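For reference, work-v2.txt (compact mmCIF, C-alpha atoms):
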# COMPACT_ATOMS: atom_id res chain seq x y z
CA MET A 1 16.10 -28.11 25.45
CA ALA A 2 13.60 -25.32 24.77
CA SER A 3 10.13 -25.93 23.38
CA THR A 4 9.65 -26.41 19.65
CA PRO A 5 9.55 -23.02 17.91
CA TYR A 6 6.25 -21.88 16.47
CA THR A 7 6.01 -22.33 12.71
CA VAL A 8 4.08 -20.57 9.97
CA ALA A 9 1.54 -23.43 10.10
CA ASP A 10 0.69 -22.46 13.69
CA VAL A 11 -0.39 -18.91 12.84
CA MET A 12 -1.34 -18.85 9.16
CA THR A 13 -4.87 -18.29 7.86
CA THR A 14 -6.12 -21.35 5.99
CA ASN A 15 -9.30 -19.80 4.58
CA VAL A 16 -7.62 -17.96 1.71
CA ILE A 17 -9.23 -15.80 -0.96
CA ALA A 18 -7.44 -16.48 -4.23
CA ILE A 19 -7.93 -15.50 -7.87
CA THR A 20 -7.04 -17.04 -11.23
CA PRO A 21 -4.98 -15.56 -14.07
CA GLU A 22 -8.25 -14.79 -15.88
CA THR A 23 -9.75 -12.70 -13.05
CA GLY A 24 -10.54 -9.18 -14.21
CA PHE A 25 -9.28 -5.91 -12.75
CA LYS A 26 -12.59 -4.82 -11.22
CA ASP A 27 -13.17 -8.23 -9.65
CA ILE A 28 -9.69 -8.12 -8.12
CA ALA A 29 -10.29 -4.66 -6.65
CA ALA A 30 -13.71 -5.74 -5.38
CA ALA A 31 -12.26 -8.84 -3.68
CA MET A 32 -9.59 -6.78 -1.95
CA GLY A 33 -12.19 -4.35 -0.69
CA ARG A 34 -14.65 -6.99 0.42
CA TRP A 35 -12.14 -9.14 2.30
CA LYS A 36 -9.98 -6.20 3.46
CA VAL A 37 -6.71 -7.62 2.13
CA THR A 38 -3.87 -5.88 0.33
CA ALA A 39 -2.78 -8.78 -1.87
CA LEU A 40 -4.27 -11.89 -3.46
CA PRO A 41 -2.48 -15.07 -4.55
CA VAL A 42 -3.05 -16.12 -8.15
CA ILE A 43 -3.55 -19.85 -8.62
CA GLU A 44 -4.04 -22.19 -11.53
CA GLY A 45 -4.80 -25.87 -11.93
CA GLU A 46 -5.34 -27.55 -8.57
CA GLY A 47 -4.14 -24.63 -6.51
CA ARG A 48 -0.56 -24.02 -7.64
CA VAL A 49 0.52 -20.45 -6.88
CA VAL A 50 1.79 -18.67 -10.00
CA GLY A 51 1.85 -15.08 -8.76
CA VAL A 52 0.47 -12.42 -6.46
CA VAL A 53 -1.55 -9.30 -7.24
CA SER A 54 -1.16 -6.51 -4.68
CA GLU A 55 -2.60 -3.04 -4.33
CA ALA A 56 0.67 -1.72 -5.75
CA ASP A 57 0.01 -3.68 -8.95
CA LEU A 58 -3.37 -1.97 -9.35
CA LEU A 59 -2.30 1.61 -8.62
CA PRO A 60 -0.65 2.37 -12.01
CA LYS A 61 -4.07 2.26 -13.71
CA GLU A 62 -5.26 5.06 -11.41
CA GLU A 63 -1.95 6.93 -11.62
CA PHE A 64 -2.02 7.10 -15.42
CA HIS A 65 -5.79 7.46 -15.70
CA GLU A 66 -5.79 11.19 -16.44
CA HIS A 67 -2.57 11.50 -18.40
CA ARG A 68 -0.59 9.42 -20.83
CA PRO A 69 3.05 8.95 -19.82
CA GLY A 70 5.64 10.47 -22.13
CA MET A 71 8.18 8.40 -24.01
CA ILE A 72 10.89 8.88 -21.39
CA GLU A 73 8.56 7.96 -18.54
CA GLN A 74 7.34 4.91 -20.44
CA MET A 75 10.91 3.71 -20.90
CA ARG A 76 11.76 4.39 -17.26
CA ARG A 77 8.67 2.65 -15.90
CA LEU A 78 7.95 -0.11 -18.38
CA GLY A 79 6.48 -2.40 -15.73
CA ASP A 80 4.08 0.18 -14.34
CA THR A 81 2.93 1.46 -17.73
CA ALA A 82 2.28 -2.10 -18.88
CA LYS A 83 0.17 -2.77 -15.79
CA ALA A 84 -1.74 0.46 -16.32
CA GLY A 85 -3.05 -0.97 -19.57
CA SER A 86 -3.76 -4.46 -18.19
CA THR A 87 -7.18 -5.80 -17.31
CA ARG A 88 -6.52 -9.35 -16.06
CA ALA A 89 -4.54 -10.86 -13.20
CA GLU A 90 -2.13 -12.69 -15.52
CA ASN A 91 -0.77 -9.32 -16.71
CA LEU A 92 -1.01 -7.54 -13.36
CA MET A 93 0.52 -10.13 -11.05
CA THR A 94 4.05 -10.21 -9.73
CA THR A 95 5.65 -13.49 -10.71
CA PRO A 96 7.21 -15.69 -9.52
CA ALA A 97 5.40 -15.27 -6.24
CA VAL A 98 7.41 -14.95 -3.03
CA THR A 99 6.14 -17.89 -0.95
CA ILE A 100 6.99 -19.77 2.22
CA HIS A 101 6.50 -23.31 3.50
CA PRO A 102 4.29 -24.22 6.50
CA ASP A 103 7.24 -25.56 8.51
CA ALA A 104 9.23 -22.31 8.30
CA THR A 105 9.77 -20.58 11.64
CA LEU A 106 8.23 -17.22 12.43
CA PRO A 107 11.62 -15.42 12.40
CA GLN A 108 12.27 -16.85 8.92
CA ALA A 109 8.92 -15.54 7.71
CA ALA A 110 9.56 -12.14 9.30
CA ARG A 111 12.99 -11.85 7.67
CA LEU A 112 11.57 -12.77 4.26
CA MET A 113 8.82 -10.17 4.55
CA THR A 114 11.34 -7.53 5.59
CA ASP A 115 13.84 -8.39 2.87
CA ARG A 116 11.19 -8.36 0.13
CA HIS A 117 9.18 -5.44 1.55
CA ILE A 118 5.91 -7.37 1.54
CA LYS A 119 3.11 -7.71 4.08
CA ARG A 120 1.67 -11.15 3.24
CA LEU A 121 3.12 -14.46 2.08
CA PRO A 122 1.28 -17.32 0.37
CA VAL A 123 2.04 -20.56 2.21
CA VAL A 124 2.66 -23.48 -0.16
CA ASP A 125 3.62 -27.14 0.08
CA ALA A 126 6.53 -28.78 -1.72
CA ASP A 127 4.53 -28.82 -4.98
CA GLY A 128 3.70 -25.12 -4.78
CA THR A 129 0.07 -25.74 -3.88
CA LEU A 130 -1.59 -23.03 -1.78
CA LYS A 131 -2.15 -24.05 1.85
CA GLY A 132 -2.70 -20.71 3.53
CA ILE A 133 -1.59 -17.13 3.87
CA VAL A 134 0.53 -15.55 6.59
CA SER A 135 0.59 -11.82 7.31
CA ARG A 136 2.63 -9.53 9.52
CA ALA A 137 -0.27 -9.51 11.97
CA ASP A 138 -0.21 -13.33 12.09
CA LEU A 139 3.46 -13.28 13.11
CA LEU A 140 2.56 -11.12 16.10
CA LYS A 141 -0.03 -13.60 17.40
CA VAL A 142 2.56 -15.23 19.66
CA PHE A 143 2.73 -11.98 21.63
CA LEU A 144 -0.95 -12.39 22.50
CA ARG A 145 -0.20 -15.43 24.66
CA SER A 146 -1.14 -14.83 28.28
CA ASP A 147 1.48 -14.17 30.95
CA ASP A 148 0.34 -17.27 32.83
CA GLU A 149 0.80 -19.43 29.74
CA LEU A 150 4.29 -18.04 29.17
CA ALA A 151 5.30 -18.54 32.81
CA ALA A 152 4.08 -22.15 32.73
CA GLU A 153 6.11 -22.87 29.59
CA ILE A 154 9.26 -21.35 31.06
CA ARG A 155 8.91 -23.42 34.24
CA GLN A 156 8.35 -26.64 32.31
CA SER A 157 10.60 -26.22 29.27
CA VAL A 158 13.48 -24.26 30.78
CA ILE A 159 13.71 -24.33 34.58
CA ARG A 160 12.68 -27.94 35.25
CA ARG A 161 14.96 -29.27 32.52
CA LEU A 162 18.01 -27.17 33.35
CA PHE A 163 17.71 -27.45 37.13
CA PRO A 164 16.02 -30.78 37.95
CA LEU A 165 17.31 -30.73 41.55
CA SER A 166 16.71 -27.09 42.42
CA HIS A 167 13.87 -26.00 40.15
CA GLU A 168 11.50 -25.59 43.12
CA ALA A 169 13.75 -22.82 44.44
CA VAL A 170 13.29 -20.80 41.25
CA LYS A 171 10.43 -18.33 40.94
CA VAL A 172 9.18 -17.48 37.46
CA THR A 173 6.90 -14.49 36.91
CA VAL A 174 5.78 -12.89 33.65
CA SER A 175 4.24 -9.44 33.39
CA GLN A 176 3.25 -7.93 30.04
CA GLY A 177 5.48 -10.45 28.29
CA THR A 178 8.56 -9.70 30.43
CA ALA A 179 9.85 -12.71 32.35
CA THR A 180 11.65 -12.46 35.69
CA LEU A 181 13.64 -15.38 37.09
CA THR A 182 14.68 -15.31 40.76
CA GLY A 183 16.14 -17.85 43.16
CA ARG A 184 19.22 -19.95 43.82
CA VAL A 185 20.31 -22.92 41.72
CA ARG A 186 22.92 -25.60 42.27
CA ASP A 187 24.74 -25.19 38.95
CA HIS A 188 25.44 -21.49 38.46
CA THR A 189 27.16 -22.17 35.12
CA LEU A 190 23.73 -22.87 33.58
CA ILE A 191 22.31 -19.46 34.51
CA PRO A 192 23.31 -17.78 31.19
CA MET A 193 21.68 -20.65 29.30
CA ALA A 194 18.49 -20.28 31.36
CA GLU A 195 18.32 -16.61 30.40
CA ARG A 196 18.98 -17.37 26.73
CA LEU A 197 16.37 -20.15 26.54
CA THR A 198 13.80 -17.98 28.29
CA HIS A 199 14.38 -15.30 25.67
CA SER A 200 13.68 -17.91 22.98
CA VAL A 201 10.19 -18.74 24.28
CA GLU A 202 7.72 -17.50 21.67
CA GLY A 203 5.89 -14.46 23.00
CA ILE A 204 8.51 -13.31 25.51
CA VAL A 205 9.38 -9.64 25.10
CA ASP A 206 12.24 -9.33 27.60
CA VAL A 207 13.95 -11.27 30.41
CA HIS A 208 15.22 -10.17 33.82
CA CYS A 209 17.44 -12.97 35.08
CA ARG A 210 18.21 -12.67 38.80
CA LEU A 211 19.24 -16.25 39.42
CA GLU A 212 22.19 -16.93 41.73
CA GLY A 213 24.25 -19.99 42.51
CA LEU A 214 24.01 -21.69 45.89
CA PRO A 215 26.81 -20.75 48.32
CA SER A 216 29.75 -23.14 48.33
CA ALA A 217 29.73 -25.65 51.17
Using structure tokens, write down the structure that the file contains.
Amino acid sequence: MASTPYTVADVMTTNVIAITPETGFKDIAAAMGRWKVTALPVIEGEGRVVGVVSEADLLPKEEFHEHRPGMIEQMRRLGDTAKAGSTRAENLMTTPAVTIHPDATLPQAARLMTDRHIKRLPVVDADGTLKGIVSRADLLKVFLRSDDELAAEIRQSVIRRLFPLSHEAVKVTVSQGTATLTGRVRDHTLIPMAERLTHSVEGIVDVHCRLEGLPSA
């Protein structure tokens, strides 16, 4: 009944800066600084993602720059000490890369980022080929939709469909992402569904449902 949910393809960045396994440490750091990103996908062949290098993967070289880790610390932090001595992406990258498909929904992408504690996801097709990148900021783009746009979608996708005979008696307003529904409808049993579907509209922050059923004849 509600509109089709936004997917990763709707908000992802398609102009992606990527590196290869042979890219050197200084070139990686320079690319991050130039493009103001915190992670870079590593690709090989015709664009297949094989890993990701993040700022966290580069930091051990700086951390251990002035002192050599002791034996116990080396054993405890094998991954970090190995990266501290690495100079190319193939030895610095985290692999396999955590990726997502273009048709994934925004909540799915948000959950994956939260579960894996990452800020950016390479977007790949079924063959693992890089198609884009999606960041936390990209997932928030839906909240930049105008109030007028949100109100129009609620009227068309929720109110008109649920209440075809009494939709003109329903007033929909949206202010700062909060939707308010007022008016009287013929089928009061559908009011909870109207509230739920309005909540599901991408970009809605909150819903005040003040709909009432028409008085019995």
Residue nearest Met12 of chain A among A:Val42, A:Ala30, A:Ile100, A:Met93 (counting all atoms listed in the file):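 Using all atoms listed in the file, the shortest distance to Met12 of chain A belongs to A:Ile100.
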Spatial neighbours of Val37 of chain A, max dist 9 Å, all atoms listed in the file, sep filter under 4 positions, as number ranges by chain: A: 31-33, 54-55
Nearest to Asp147 of chain A by atom-to-atom distance, counting only C-alpha atoms, from A:Thr94, A:Ser166, A:Thr180, A:Thr13: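 Closest to Asp147 of chain A of all the choices is A:Thr180.
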For atom CA of Glu153 of chain A and atom CA of Ala169 of chain A, the interatomic separation in Å (one decimal):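 Interatomic distance here is 16.7 Å.
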Nearest residue to Tyr6 of chain A from the set A:Leu139, A:Val49, A:Ile159, A:Ala194 (distances using all atoms listed in the file): A:Leu139
Atom-to-atom span, atom CA of Leu106 of chain A and atom CA of Ile28 of chain A, Å: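 Computing it gives 28.7 Å between the two atoms.
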Given all atoms listed in the file as the counted atoms, nearest of A:Thr198, A:Thr20, A:Gln108, A:Ser146 to Arg88 of chain A: A:Thr20
A:Arg34, A:Arg48, A:His167, A:His188 ranked by distance to Gly132 of chain A, top pick (using only C-alpha atoms):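 Smallest separation from Gly132 of chain A among the options: A:Arg48.
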Long-range neighbours of Thr178 of chain A as a ChimeraX atom specification, 10 Å cut-off, all atoms listed in the file, 6 positions minimum in chain: /A:147,150-151,199,203-208
Preceding selection exported with C-alpha atoms as a PDB file, in the frame of the given file:
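Output file selection_36.pdb follows:
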ATOM      1  CA  ASP A 147       1.480 -14.170  30.950  1.00  0.00           C
ATOM      2  CA  LEU A 150       4.290 -18.040  29.170  1.00  0.00           C
ATOM      3  CA  ALA A 151       5.300 -18.540  32.810  1.00  0.00           C
ATOM      4  CA  HIS A 199      14.380 -15.300  25.670  1.00  0.00           C
ATOM      5  CA  GLY A 203       5.890 -14.460  23.000  1.00  0.00           C
ATOM      6  CA  ILE A 204       8.510 -13.310  25.510  1.00  0.00           C
ATOM      7  CA  VAL A 205       9.380  -9.640  25.100  1.00  0.00           C
ATOM      8  CA  ASP A 206      12.240  -9.330  27.600  1.00  0.00           C
ATOM      9  CA  VAL A 207      13.950 -11.270  30.410  1.00  0.00           C
ATOM     10  CA  HIS A 208      15.220 -10.170  33.820  1.00  0.00           C
TER      11      HIS A 208
END
Two-atom distance - atom CA of Ile133 of chain A, atom CA of Pro107 of chain A (Å):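 Taking atom CA of Ile133 of chain A as the start and atom CA of Pro107 of chain A as the end point, the length is 15.8 Å.
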Nearest candidate to Arg120 of chain A (options A:Ala9, A:Leu40, A:Leu197, A:Val158; using all atoms listed in the file):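 Of A:Ala9, A:Leu40, A:Leu197, A:Val158, the one nearest Arg120 of chain A is A:Leu40, counting all atoms listed in the file.
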Kindly complete segment 109-120 of chain A to all heavy atoms; the output should be written as a PDB file, keeping the file's coordinate frame.
ATOM      1  N   ALA A 109       9.974 -16.240   8.446  1.00  0.00           N
ATOM      2  CA  ALA A 109       8.920 -15.540   7.710  1.00  0.00           C
ATOM      3  C   ALA A 109       9.082 -14.030   7.857  1.00  0.00           C
ATOM      4  O   ALA A 109       8.923 -13.281   6.879  1.00  0.00           O
ATOM      5  CB  ALA A 109       7.546 -15.978   8.216  1.00  0.00           C
ATOM      6  N   ALA A 110       9.397 -13.573   9.063  1.00  0.00           N
ATOM      7  CA  ALA A 110       9.560 -12.140   9.300  1.00  0.00           C
ATOM      8  C   ALA A 110      10.722 -11.579   8.486  1.00  0.00           C
ATOM      9  O   ALA A 110      10.621 -10.487   7.905  1.00  0.00           O
ATOM     10  CB  ALA A 110       9.773 -11.883  10.795  1.00  0.00           C
ATOM     11  N   ARG A 111      11.838 -12.317   8.446  1.00  0.00           N
ATOM     12  CA  ARG A 111      12.990 -11.850   7.670  1.00  0.00           C
ATOM     13  C   ARG A 111      12.663 -11.772   6.188  1.00  0.00           C
ATOM     14  O   ARG A 111      13.071 -10.827   5.493  1.00  0.00           O
ATOM     15  CB  ARG A 111      14.189 -12.783   7.906  1.00  0.00           C
ATOM     16  CG  ARG A 111      14.910 -12.537   9.220  1.00  0.00           C
ATOM     17  CD  ARG A 111      16.276 -13.219   9.232  1.00  0.00           C
ATOM     18  NE  ARG A 111      16.149 -14.667   9.166  1.00  0.00           N
ATOM     19  CZ  ARG A 111      16.034 -15.455  10.230  1.00  0.00           C
ATOM     20  NH1 ARG A 111      16.019 -14.921  11.439  1.00  0.00           N
ATOM     21  NH2 ARG A 111      15.945 -16.757  10.092  1.00  0.00           N
ATOM     22  N   LEU A 112      11.923 -12.764   5.680  1.00  0.00           N
ATOM     23  CA  LEU A 112      11.570 -12.770   4.260  1.00  0.00           C
ATOM     24  C   LEU A 112      10.670 -11.586   3.922  1.00  0.00           C
ATOM     25  O   LEU A 112      10.860 -10.918   2.903  1.00  0.00           O
ATOM     26  CB  LEU A 112      10.880 -14.090   3.904  1.00  0.00           C
ATOM     27  CG  LEU A 112      10.510 -14.289   2.427  1.00  0.00           C
ATOM     28  CD1 LEU A 112      11.738 -14.152   1.546  1.00  0.00           C
ATOM     29  CD2 LEU A 112       9.858 -15.662   2.231  1.00  0.00           C
ATOM     30  N   MET A 113       9.701 -11.319   4.788  1.00  0.00           N
ATOM     31  CA  MET A 113       8.820 -10.170   4.550  1.00  0.00           C
ATOM     32  C   MET A 113       9.612  -8.863   4.558  1.00  0.00           C
ATOM     33  O   MET A 113       9.385  -7.974   3.731  1.00  0.00           O
ATOM     34  CB  MET A 113       7.730 -10.107   5.625  1.00  0.00           C
ATOM     35  CG  MET A 113       6.659 -11.158   5.490  1.00  0.00           C
ATOM     36  SD  MET A 113       5.370 -10.920   6.745  1.00  0.00           S
ATOM     37  CE  MET A 113       4.361 -12.395   6.477  1.00  0.00           C
ATOM     38  N   THR A 114      10.532  -8.751   5.498  1.00  0.00           N
ATOM     39  CA  THR A 114      11.340  -7.530   5.590  1.00  0.00           C
ATOM     40  C   THR A 114      12.245  -7.372   4.388  1.00  0.00           C
ATOM     41  O   THR A 114      12.329  -6.288   3.799  1.00  0.00           O
ATOM     42  CB  THR A 114      12.177  -7.559   6.881  1.00  0.00           C
ATOM     43  OG1 THR A 114      11.313  -7.636   8.016  1.00  0.00           O
ATOM     44  CG2 THR A 114      13.032  -6.299   6.990  1.00  0.00           C
ATOM     45  N   ASP A 115      12.910  -8.451   4.003  1.00  0.00           N
ATOM     46  CA  ASP A 115      13.840  -8.390   2.870  1.00  0.00           C
ATOM     47  C   ASP A 115      13.139  -8.048   1.566  1.00  0.00           C
ATOM     48  O   ASP A 115      13.686  -7.324   0.729  1.00  0.00           O
ATOM     49  CB  ASP A 115      14.581  -9.724   2.721  1.00  0.00           C
ATOM     50  CG  ASP A 115      15.553  -9.993   3.854  1.00  0.00           C
ATOM     51  OD1 ASP A 115      15.887  -9.041   4.580  1.00  0.00           O
ATOM     52  OD2 ASP A 115      15.968 -11.160   4.021  1.00  0.00           O
ATOM     53  N   ARG A 116      11.923  -8.573   1.385  1.00  0.00           N
ATOM     54  CA  ARG A 116      11.190  -8.360   0.130  1.00  0.00           C
ATOM     55  C   ARG A 116      10.187  -7.214   0.208  1.00  0.00           C
ATOM     56  O   ARG A 116       9.495  -6.948  -0.772  1.00  0.00           O
ATOM     57  CB  ARG A 116      10.471  -9.656  -0.264  1.00  0.00           C
ATOM     58  CG  ARG A 116      11.404 -10.829  -0.525  1.00  0.00           C
ATOM     59  CD  ARG A 116      12.378 -10.527  -1.653  1.00  0.00           C
ATOM     60  NE  ARG A 116      13.186 -11.679  -1.993  1.00  0.00           N
ATOM     61  CZ  ARG A 116      12.864 -12.560  -2.964  1.00  0.00           C
ATOM     62  NH1 ARG A 116      11.751 -12.392  -3.649  1.00  0.00           N
ATOM     63  NH2 ARG A 116      13.643 -13.579  -3.217  1.00  0.00           N
ATOM     64  N   HIS A 117      10.083  -6.576   1.377  1.00  0.00           N
ATOM     65  CA  HIS A 117       9.180  -5.440   1.550  1.00  0.00           C
ATOM     66  C   HIS A 117       7.735  -5.808   1.213  1.00  0.00           C
ATOM     67  O   HIS A 117       7.045  -5.098   0.467  1.00  0.00           O
ATOM     68  CB  HIS A 117       9.634  -4.250   0.694  1.00  0.00           C
ATOM     69  CG  HIS A 117      11.052  -3.840   0.930  1.00  0.00           C
ATOM     70  ND1 HIS A 117      11.458  -3.190   2.080  1.00  0.00           N
ATOM     71  CD2 HIS A 117      12.167  -4.009   0.172  1.00  0.00           C
ATOM     72  CE1 HIS A 117      12.756  -2.966   2.012  1.00  0.00           C
ATOM     73  NE2 HIS A 117      13.212  -3.465   0.882  1.00  0.00           N
ATOM     74  N   ILE A 118       7.281  -6.919   1.762  1.00  0.00           N
ATOM     75  CA  ILE A 118       5.910  -7.370   1.540  1.00  0.00           C
ATOM     76  C   ILE A 118       5.225  -7.622   2.878  1.00  0.00           C
ATOM     77  O   ILE A 118       5.885  -7.846   3.890  1.00  0.00           O
ATOM     78  CB  ILE A 118       5.849  -8.632   0.661  1.00  0.00           C
ATOM     79  CG1 ILE A 118       6.781  -9.728   1.217  1.00  0.00           C
ATOM     80  CG2 ILE A 118       6.207  -8.307  -0.767  1.00  0.00           C
ATOM     81  CD1 ILE A 118       6.806 -10.981   0.385  1.00  0.00           C
ATOM     82  N   LYS A 119       3.880  -7.599   2.856  1.00  0.00           N
ATOM     83  CA  LYS A 119       3.110  -7.710   4.080  1.00  0.00           C
ATOM     84  C   LYS A 119       2.469  -9.079   4.268  1.00  0.00           C
ATOM     85  O   LYS A 119       2.073  -9.421   5.378  1.00  0.00           O
ATOM     86  CB  LYS A 119       2.007  -6.646   4.110  1.00  0.00           C
ATOM     87  CG  LYS A 119       2.528  -5.220   4.059  1.00  0.00           C
ATOM     88  CD  LYS A 119       1.373  -4.230   3.999  1.00  0.00           C
ATOM     89  CE  LYS A 119       1.878  -2.799   3.912  1.00  0.00           C
ATOM     90  NZ  LYS A 119       0.749  -1.828   3.828  1.00  0.00           N
ATOM     91  N   ARG A 120       2.347  -9.854   3.176  1.00  0.00           N
ATOM     92  CA  ARG A 120       1.670 -11.150   3.240  1.00  0.00           C
ATOM     93  C   ARG A 120       2.427 -12.151   2.380  1.00  0.00           C
ATOM     94  O   ARG A 120       2.958 -11.791   1.320  1.00  0.00           O
ATOM     95  CB  ARG A 120       0.224 -11.037   2.734  1.00  0.00           C
ATOM     96  CG  ARG A 120      -0.642 -10.106   3.556  1.00  0.00           C
ATOM     97  CD  ARG A 120      -1.878  -9.671   2.794  1.00  0.00           C
ATOM     98  NE  ARG A 120      -2.773 -10.776   2.514  1.00  0.00           N
ATOM     99  CZ  ARG A 120      -3.702 -11.205   3.355  1.00  0.00           C
ATOM    100  NH1 ARG A 120      -3.842 -10.630   4.543  1.00  0.00           N
ATOM    101  NH2 ARG A 120      -4.502 -12.193   3.037  1.00  0.00           N
TER     102      ARG A 120
END
